$ cat work_24.txt   # compact mmCIF, C-alpha atoms
# COMPACT_ATOMS: atom_id res chain seq x y z
CA MET Y 1 -10.21 -9.59 -6.72
CA PRO Y 2 -8.72 -9.84 -10.20
CA VAL Y 3 -7.64 -6.61 -11.86
CA THR Y 4 -6.39 -6.37 -15.41
CA PRO Y 5 -4.12 -3.44 -16.23
CA ASN Y 6 -4.00 -2.41 -19.88
CA GLN Y 7 -1.26 -4.68 -21.21
CA ASN Y 8 -0.17 -6.81 -18.26
CA PRO Y 9 -1.42 -10.15 -16.95
CA PRO Y 10 -4.10 -9.85 -14.24
CA VAL Y 11 -3.09 -8.70 -10.78
CA VAL Y 12 -4.77 -10.85 -8.15
CA LEU Y 13 -5.13 -10.13 -4.43
CA VAL Y 14 -4.99 -13.24 -2.23
CA LEU Y 15 -5.96 -13.08 1.43
CA ALA Y 16 -3.01 -13.59 3.77
CA GLU Y 17 -2.59 -16.14 6.52
CA GLN Y 18 -0.83 -15.66 9.84
CA SER Y 19 2.01 -17.85 8.57
CA ASP Y 20 2.78 -15.37 5.76
CA LEU Y 21 4.27 -12.84 8.16
CA ASP Y 22 7.95 -13.50 7.36
CA ASP Y 23 7.25 -13.17 3.61
CA PHE Y 24 5.65 -9.77 4.15
CA VAL Y 25 8.52 -8.54 6.31
CA ALA Y 26 11.02 -9.58 3.62
CA ILE Y 27 9.05 -7.80 0.87
CA ARG Y 28 8.69 -4.66 3.01
CA ILE Y 29 12.41 -4.52 3.74
CA GLU Y 30 13.29 -5.13 0.09
CA ALA Y 31 10.88 -2.45 -1.14
CA MET Y 32 11.79 0.18 1.47
CA ARG Y 33 15.54 -0.35 1.69
CA GLU Y 34 16.63 2.29 -0.85
CA SER Y 35 14.32 5.01 0.52
CA LEU Y 36 15.27 4.29 4.12
CA GLU Y 37 18.98 4.25 3.31
CA ARG Y 38 18.59 7.64 1.62
CA VAL Y 39 17.37 9.17 4.91
CA GLY Y 40 19.77 7.16 7.08
CA ARG Y 41 17.04 5.08 8.72
CA PHE Y 42 17.50 1.59 7.27
CA ASP Y 43 17.31 -0.90 10.11
CA PRO Y 44 15.89 -4.35 9.22
CA VAL Y 45 15.28 -5.25 12.87
CA ARG Y 46 13.29 -2.06 13.45
CA ALA Y 47 11.38 -2.56 10.17
CA ARG Y 48 10.40 -6.06 11.27
CA GLU Y 49 9.31 -4.94 14.74
CA ARG Y 50 7.21 -2.07 13.35
CA PHE Y 51 5.44 -4.39 10.94
CA LEU Y 52 4.85 -7.10 13.55
CA GLY Y 53 3.24 -4.56 15.86
CA GLY Y 54 0.37 -3.88 13.48
CA TYR Y 55 0.07 -7.10 11.47
CA GLU Y 56 -3.49 -8.28 10.91
CA ALA Y 57 -3.76 -11.15 8.45
CA GLN Y 58 -7.46 -10.45 7.81
CA CYS Y 59 -6.54 -6.98 6.40
CA THR Y 60 -3.59 -8.18 4.33
CA HIS Y 61 -3.44 -9.52 0.78
CA HIS Y 62 -0.61 -10.90 -1.32
CA ILE Y 63 -0.32 -9.20 -4.68
CA GLU Y 64 0.14 -11.90 -7.33
CA MET Y 65 0.79 -11.63 -11.03
CA SER Y 66 1.15 -14.70 -13.23
CA GLY Y 67 1.13 -16.83 -10.06
CA GLU Y 68 4.13 -14.98 -8.58
CA ARG Y 69 3.92 -13.05 -5.33
CA VAL Y 70 5.16 -9.59 -6.24
CA GLY Y 71 4.05 -7.61 -3.19
CA PHE Y 72 1.38 -7.10 -0.59
CA VAL Y 73 -1.23 -4.59 0.50
CA VAL Y 74 -2.81 -3.89 3.90
CA VAL Y 75 -6.11 -2.01 4.03
CA LYS Y 76 -7.74 -1.44 7.41
CA HIS Y 77 -11.38 -0.45 7.58
CA LEU Y 78 -11.59 2.17 10.30
CA GLN Y 79 -14.76 3.89 11.47
CA ASN Y 80 -14.69 6.84 9.07
CA GLU Y 81 -12.01 5.91 6.53
CA LEU Y 82 -9.97 3.18 4.94
CA LEU Y 83 -6.34 3.19 6.00
CA LEU Y 84 -3.98 2.07 3.26
CA ASP Y 85 -1.47 0.92 5.84
CA HIS Y 86 0.99 -0.78 3.47
CA LEU Y 87 1.40 -1.17 -0.27
CA TYR Y 88 4.69 -2.72 -1.29
CA VAL Y 89 5.75 -4.10 -4.65
CA ARG Y 90 9.11 -5.81 -5.07
CA PRO Y 91 11.57 -3.47 -6.81
CA SER Y 92 11.93 -5.95 -9.69
CA ALA Y 93 8.17 -5.67 -10.38
CA GLN Y 94 7.77 -1.90 -9.91
CA ASP Y 95 6.85 0.47 -12.73
CA SER Y 96 4.69 -2.14 -14.43
CA GLY Y 97 1.22 -0.97 -13.39
CA ILE Y 98 0.84 -3.34 -10.44
CA GLY Y 99 0.44 -0.60 -7.82
CA SER Y 100 -2.08 1.23 -9.99
CA ALA Y 101 -4.08 -1.97 -10.48
CA VAL Y 102 -4.17 -2.53 -6.73
CA LEU Y 103 -5.25 1.07 -6.09
CA THR Y 104 -8.10 0.62 -8.60
CA GLN Y 105 -9.48 -2.19 -6.42
CA ILE Y 106 -9.05 -0.19 -3.22
CA PHE Y 107 -10.77 2.83 -4.82
CA LYS Y 108 -13.77 0.66 -5.75
CA LEU Y 109 -13.99 -0.62 -2.18
CA ALA Y 110 -13.71 2.89 -0.71
CA ASP Y 111 -16.20 4.43 -3.11
CA SER Y 112 -18.78 1.69 -2.58
CA ALA Y 113 -18.48 2.26 1.19
CA ALA Y 114 -18.43 6.08 0.71
CA LEU Y 115 -15.17 6.32 2.64
CA PRO Y 116 -12.01 8.34 2.07
CA ILE Y 117 -8.63 6.59 1.99
CA LYS Y 118 -5.73 7.73 4.16
CA VAL Y 119 -2.10 6.81 3.44
CA GLY Y 120 1.35 7.77 4.68
CA ALA Y 121 4.61 7.77 2.75
CA LEU Y 122 8.24 8.23 3.74
CA LYS Y 123 9.22 11.78 2.72
CA GLU Y 124 12.08 10.68 0.45
CA SER Y 125 10.13 7.88 -1.22
CA ALA Y 126 8.94 7.86 -4.83
CA SER Y 127 5.62 6.66 -3.43
CA ASN Y 128 4.75 10.32 -2.70
CA ARG Y 129 4.57 11.04 -6.44
CA PHE Y 130 2.68 7.77 -6.99
CA TYR Y 131 -0.06 8.67 -4.52
CA ILE Y 132 -0.40 12.27 -5.76
CA ARG Y 133 -0.62 10.98 -9.34
CA HIS Y 134 -3.51 8.77 -8.25
CA GLY Y 135 -5.55 11.57 -6.73
CA PHE Y 136 -4.39 11.63 -3.12
CA GLN Y 137 -4.16 15.09 -1.55
CA PHE Y 138 -1.41 16.10 0.86
CA VAL Y 139 -2.75 16.63 4.41
CA GLU Y 140 0.25 16.95 6.74
CA SER Y 141 3.75 15.76 7.44
CA SER Y 142 5.68 14.48 10.42
CA GLU Y 143 9.42 14.26 10.89
CA PHE Y 144 9.82 11.40 8.40
CA ASP Y 145 6.45 10.90 6.68
CA ASN Y 146 3.92 12.71 4.51
CA PHE Y 147 0.23 11.91 4.92
CA TYR Y 148 -2.38 11.99 2.19
CA ILE Y 149 -6.11 11.50 1.81
CA ARG Y 150 -8.19 10.49 -1.18
CA PRO Y 151 -11.76 11.69 -0.70
CA ASN Y 152 -14.43 9.17 -1.54
CA ILE Y 153 -15.86 9.64 -4.99
CA PRO Y 154 -19.57 8.90 -4.91
CA ALA Y 155 -20.91 6.68 -7.64
CA THR Y 156 -22.89 8.57 -10.21
CA ASP Y 157 -26.46 7.59 -10.95
CA PRO Y 158 -26.58 6.52 -14.62
CA ASP Y 159 -30.20 7.79 -14.86
CA CYS Y 160 -29.24 11.38 -14.02
$ encode --input "work_24.txt" --output "structure tokens"
Amino acid sequence: MPVTPNQNPPVVLVLAEQSDLDDFVAIRIEAMRESLERVGRFDPVRARERFLGGYEAQCTHHIEMSGERVGFVVVKHLQNELLLDHLYVRPSAQDSGIGSAVLTQIFKLADSAALPIKVGALKESASNRFYIRHGFQFVESSEFDNFYIRPNIPATDPDC
């Protein structure tokens, strides 16, 4: 699924394999470390165990740019919604439009299936602003996370 942000090389999503698990755990820990440290919850062992518990290779894609793996995304197709379970970009590649390019692809998938997208974000994470900026609406919060939904946006009929 190639995506071309305005001035960057294409962002490509590559389907994961079961053997990619350790790479994903490392990226997740690297991307979440600062936010988790800020709330006193950084624990690499716990982060690994939480990710292992829900890992499904068939729902997971590497995010590649210029042949380099810069992150990963997990989208699970549930009965009445898409769950954006994980979207992590290495800190060195953040703020370059990669996350937005990935969301564009997920939005197309959701809209073509007429499904909303649900996502959660650690309360102290900059990802909260990222999701709100991209049209997600706050739904609720738990002790550590905020939850958002992006309603599906039906395709418009060009003849109307």
$ residues_near_point --input "work_24.txt" --point "(12.6, -8.0, 2.3)" --cutoff "12 Å" --atoms "all atoms listed in the file" --output "VMD selection string"
chain Y and resid 21 to 34 42 to 45 47 to 48 51 70 to 72 88 to 91
$ write_last_selection --input "work_24.txt" --atoms "C-alpha atoms" --output "PDB file, in the coordinates of the input"
ATOM      1  CA  LEU Y  21       4.270 -12.840   8.160  1.00  0.00           C
ATOM      2  CA  ASP Y  22       7.950 -13.500   7.360  1.00  0.00           C
ATOM      3  CA  ASP Y  23       7.250 -13.170   3.610  1.00  0.00           C
ATOM      4  CA  PHE Y  24       5.650  -9.770   4.150  1.00  0.00           C
ATOM      5  CA  VAL Y  25       8.520  -8.540   6.310  1.00  0.00           C
ATOM      6  CA  ALA Y  26      11.020  -9.580   3.620  1.00  0.00           C
ATOM      7  CA  ILE Y  27       9.050  -7.800   0.870  1.00  0.00           C
ATOM      8  CA  ARG Y  28       8.690  -4.660   3.010  1.00  0.00           C
ATOM      9  CA  ILE Y  29      12.410  -4.520   3.740  1.00  0.00           C
ATOM     10  CA  GLU Y  30      13.290  -5.130   0.090  1.00  0.00           C
ATOM     11  CA  ALA Y  31      10.880  -2.450  -1.140  1.00  0.00           C
ATOM     12  CA  MET Y  32      11.790   0.180   1.470  1.00  0.00           C
ATOM     13  CA  ARG Y  33      15.540  -0.350   1.690  1.00  0.00           C
ATOM     14  CA  GLU Y  34      16.630   2.290  -0.850  1.00  0.00           C
ATOM     15  CA  PHE Y  42      17.500   1.590   7.270  1.00  0.00           C
ATOM     16  CA  ASP Y  43      17.310  -0.900  10.110  1.00  0.00           C
ATOM     17  CA  PRO Y  44      15.890  -4.350   9.220  1.00  0.00           C
ATOM     18  CA  VAL Y  45      15.280  -5.250  12.870  1.00  0.00           C
ATOM     19  CA  ALA Y  47      11.380  -2.560  10.170  1.00  0.00           C
ATOM     20  CA  ARG Y  48      10.400  -6.060  11.270  1.00  0.00           C
ATOM     21  CA  PHE Y  51       5.440  -4.390  10.940  1.00  0.00           C
ATOM     22  CA  VAL Y  70       5.160  -9.590  -6.240  1.00  0.00           C
ATOM     23  CA  GLY Y  71       4.050  -7.610  -3.190  1.00  0.00           C
ATOM     24  CA  PHE Y  72       1.380  -7.100  -0.590  1.00  0.00           C
ATOM     25  CA  TYR Y  88       4.690  -2.720  -1.290  1.00  0.00           C
ATOM     26  CA  VAL Y  89       5.750  -4.100  -4.650  1.00  0.00           C
ATOM     27  CA  ARG Y  90       9.110  -5.810  -5.070  1.00  0.00           C
ATOM     28  CA  PRO Y  91      11.570  -3.470  -6.810  1.00  0.00           C
TER      29      PRO Y  91
END
$ atom_distance --input "work_24.txt" --atom1 "atom CA of Gly97 of chain Y" --atom2 "atom CA of Ser141 of chain Y"
26.8 Å
$ residues_around --input "work_24.txt" --residues "segment 114-118 of chain Y" --least-positions-apart "3" --cutoff "7 Å" --atoms "only C-alpha atoms" --output "ChimeraX atom specification"
/Y:80-84,110-111,148-152,154
$ residues_around --input "work_24.txt" --residues "Ala57 of chain Y" --least-positions-apart "5" --cutoff "10 Å" --atoms "all atoms listed in the file" --output "number ranges by chain"
Y: 15-21, 74
$ closest_residue --input "work_24.txt" --among "Y:Val11, Y:Cys59, Y:Ile153, Y:Arg46" --to "Ser112 of chain Y" --atoms "only C-alpha atoms"
Y:Ile153
